[in-house]
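Okay, so here's the structure we're looking at.
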Amino acid sequence: MLPEWPDGTVAVLSTAAGPPHAIPVSTAVRSGDATIHLALALRRESLARLREDRRCALTVLAAGVAVTAHATAAVVEEGERVALVRLDVDSVQDHGQPTFEVEAGVRWHWTDPEAERADAELRSALRALG
């Protein structure tokens, strides 16, 4: 059901529990045909909203990929700084059209070597959950 996308792809997590709320996330890892894991800082409003209303959507735009995964979220592990969250995907909305192709997602890079190292460790932890 879910397509593959490259590590570090910027996706948009949309949550409910009030007016729609959307934030960019770069830790989303496809961990199965209908499962995604991602990390959210404990201070994030999105995390508080997911605790109140587990319904969410994750929009992924990358080379050859344009989908929104409609899901239910669950916190599976909580550390000092971040919560590891599993999205159980109910359906995938494919935004692909025969008249266009997404060539690339958002381009970004770490400017802090320590943040880059921590991100790599976090991705390894997310993959281990899958």
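By convention here, the chains of the structure tokens are called A, B, ... in the order presented, each chain's residues are numbered starting at 1, and ligands are numbered starting at 1 in the order presented.
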Shell of 6 Å around range 11-27 of chain A, only C-alpha atoms, local chain residues under 6 positions omitted, as a PyMOL selection string: chain A and resi 38+49+53+56-60
Identify, with DSSP run on backbone atoms, the residues in chain A assigned to strand (DSSP E or B), and express the list as a ChimeraX atom specification. /A:11-15,21-25,29-32,35-41,55-62,65-78,82-94,97,100
Considering only C-alpha atoms, tabulate each residue of range 9-67 of chain A that lies at most 9 Å from range 75-80 of chain A along with its nearest interatomic pair and the corresponding distance in Å to one decimal; arrange the rows by chain and ascending residue number and present them as a Markdown table.
| residue | atom | partner | partner_atom | distance |
| --- | --- | --- | --- | --- |
| A:Leu42 | CA | A:Glu80 | CA | 8.1 |
| A:Leu47 | CA | A:Val75 | CA | 8.8 |
| A:Leu50 | CA | A:Val75 | CA | 8.7 |
| A:Arg51 | CA | A:Val75 | CA | 8.1 |
Would you put the residues from that selection into a file with N, CA and C atoms, as a PDB file, in the first residue's frame?
ATOM      1  N   LEU A  42       9.050  15.950  22.446  1.00  0.00           N
ATOM      2  CA  LEU A  42       8.024  15.929  23.491  1.00  0.00           C
ATOM      3  C   LEU A  42       7.296  17.267  23.616  1.00  0.00           C
ATOM      4  N   LEU A  47       2.284  16.271  19.052  1.00  0.00           N
ATOM      5  CA  LEU A  47       2.281  15.112  19.944  1.00  0.00           C
ATOM      6  C   LEU A  47       1.126  15.211  20.938  1.00  0.00           C
ATOM      7  N   LEU A  50      -2.028  14.344  19.124  1.00  0.00           N
ATOM      8  CA  LEU A  50      -2.161  12.906  18.848  1.00  0.00           C
ATOM      9  C   LEU A  50      -2.552  12.127  20.108  1.00  0.00           C
ATOM     10  N   ARG A  51      -2.124  12.595  21.249  1.00  0.00           N
ATOM     11  CA  ARG A  51      -2.531  11.940  22.499  1.00  0.00           C
ATOM     12  C   ARG A  51      -4.028  12.132  22.748  1.00  0.00           C
TER      13      ARG A  51
END
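The space separating CA of Val106 in chain A from CA of Leu129 in chain A comes to 25.8 Å.
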Using only C-alpha atoms, which protein or nucleic acid residues come within 7 Å of Ala74 in chain A? Drop anything in the same chain fewer than 2 positions from it, and give the result as a PyMOL selection string. chain A and resi 54+72+76+85-87
Please identify every residue of range 6-76 of chain A that has at least one atom no farther than 8 Å from an atom of range 93-96 of chain A, counting only C-alpha atoms, and for each give the shortest atom pair and the distance in Å to one decimal, arranged by chain then increasing number, as CSV.
residue,atom,partner,partner_atom,distance
A:Val65,CA,A:Gly96,CA,7.5
A:Ala66,CA,A:His95,CA,5.2
A:Val67,CA,A:Asp94,CA,4.6
A:Thr68,CA,A:Gln93,CA,5.1
A:Ala69,CA,A:Gln93,CA,6.4
A:His70,CA,A:Gln93,CA,7.7
Give me the residues within 8 Å of Asp88 in chain A as a PDB file with all heavy atoms, in the first residue's frame, counting only C-alpha atoms and dropping any in the same chain fewer than 2 places off.
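result_14.pdb, written as the output of this step:
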ATOM      1  N   ALA A  34       1.741  -0.965   5.590  1.00  0.00           N
ATOM      2  CA  ALA A  34       0.724  -0.077   6.159  1.00  0.00           C
ATOM      3  C   ALA A  34       1.177   0.501   7.498  1.00  0.00           C
ATOM      4  O   ALA A  34       0.351   0.807   8.358  1.00  0.00           O
ATOM      5  CB  ALA A  34      -0.588  -0.835   6.315  1.00  0.00           C
ATOM      6  N   THR A  35       2.486   0.657   7.679  1.00  0.00           N
ATOM      7  CA  THR A  35       3.018   1.182   8.937  1.00  0.00           C
ATOM      8  C   THR A  35       4.139   2.171   8.675  1.00  0.00           C
ATOM      9  O   THR A  35       5.007   1.936   7.827  1.00  0.00           O
ATOM     10  CB  THR A  35       3.560   0.045   9.819  1.00  0.00           C
ATOM     11  OG1 THR A  35       2.578  -0.977   9.943  1.00  0.00           O
ATOM     12  CG2 THR A  35       3.920   0.554  11.209  1.00  0.00           C
ATOM     13  N   ILE A  36       4.096   3.276   9.410  1.00  0.00           N
ATOM     14  CA  ILE A  36       5.137   4.300   9.360  1.00  0.00           C
ATOM     15  C   ILE A  36       5.542   4.587  10.803  1.00  0.00           C
ATOM     16  O   ILE A  36       4.688   4.619  11.697  1.00  0.00           O
ATOM     17  CB  ILE A  36       4.598   5.602   8.721  1.00  0.00           C
ATOM     18  CG1 ILE A  36       4.133   5.357   7.288  1.00  0.00           C
ATOM     19  CG2 ILE A  36       5.653   6.712   8.771  1.00  0.00           C
ATOM     20  CD1 ILE A  36       3.301   6.488   6.698  1.00  0.00           C
ATOM     21  N   ALA A  71      -4.069   7.793   8.854  1.00  0.00           N
ATOM     22  CA  ALA A  71      -3.635   6.800   9.837  1.00  0.00           C
ATOM     23  C   ALA A  71      -4.162   7.097  11.235  1.00  0.00           C
ATOM     24  O   ALA A  71      -4.751   8.148  11.496  1.00  0.00           O
ATOM     25  CB  ALA A  71      -2.106   6.773   9.864  1.00  0.00           C
ATOM     26  N   THR A  72      -3.876   6.141  12.106  1.00  0.00           N
ATOM     27  CA  THR A  72      -4.107   6.272  13.537  1.00  0.00           C
ATOM     28  C   THR A  72      -2.744   6.157  14.205  1.00  0.00           C
ATOM     29  O   THR A  72      -1.974   5.237  13.896  1.00  0.00           O
ATOM     30  CB  THR A  72      -5.043   5.156  14.037  1.00  0.00           C
ATOM     31  OG1 THR A  72      -6.256   5.208  13.282  1.00  0.00           O
ATOM     32  CG2 THR A  72      -5.356   5.319  15.500  1.00  0.00           C
ATOM     33  N   ALA A  73      -2.438   7.084  15.103  1.00  0.00           N
ATOM     34  CA  ALA A  73      -1.116   7.143  15.722  1.00  0.00           C
ATOM     35  C   ALA A  73      -1.121   6.542  17.124  1.00  0.00           C
ATOM     36  O   ALA A  73      -2.130   6.585  17.831  1.00  0.00           O
ATOM     37  CB  ALA A  73      -0.648   8.596  15.796  1.00  0.00           C
ATOM     38  N   ARG A  86       4.112   5.338  16.099  1.00  0.00           N
ATOM     39  CA  ARG A  86       3.740   4.434  15.004  1.00  0.00           C
ATOM     40  C   ARG A  86       2.446   4.938  14.382  1.00  0.00           C
ATOM     41  O   ARG A  86       1.494   5.264  15.086  1.00  0.00           O
ATOM     42  CB  ARG A  86       3.527   3.015  15.524  1.00  0.00           C
ATOM     43  CG  ARG A  86       3.200   2.011  14.406  1.00  0.00           C
ATOM     44  CD  ARG A  86       2.852   0.630  14.914  1.00  0.00           C
ATOM     45  NE  ARG A  86       1.576   0.671  15.620  1.00  0.00           N
ATOM     46  CZ  ARG A  86       1.422   0.409  16.918  1.00  0.00           C
ATOM     47  NH1 ARG A  86       2.446   0.080  17.669  1.00  0.00           N
ATOM     48  NH2 ARG A  86       0.223   0.489  17.489  1.00  0.00           N
ATOM     49  N   ASP A  90      -4.584   3.482   7.479  1.00  0.00           N
ATOM     50  CA  ASP A  90      -5.895   2.956   7.078  1.00  0.00           C
ATOM     51  C   ASP A  90      -6.077   2.999   5.573  1.00  0.00           C
ATOM     52  O   ASP A  90      -6.661   2.094   4.982  1.00  0.00           O
ATOM     53  CB  ASP A  90      -7.014   3.770   7.733  1.00  0.00           C
ATOM     54  CG  ASP A  90      -6.911   3.775   9.251  1.00  0.00           C
ATOM     55  OD1 ASP A  90      -6.716   2.703   9.834  1.00  0.00           O
ATOM     56  OD2 ASP A  90      -7.006   4.866   9.834  1.00  0.00           O
TER      57      ASP A  90
END
Just how far from CA of Glu114 in chain A is CA of Leu61 in chain A, in Å to one decimal? 26.7 Å
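The two atoms in question, CA of Ala28 in chain A and CA of Ser124 in chain A, are spaced 11.7 Å apart.
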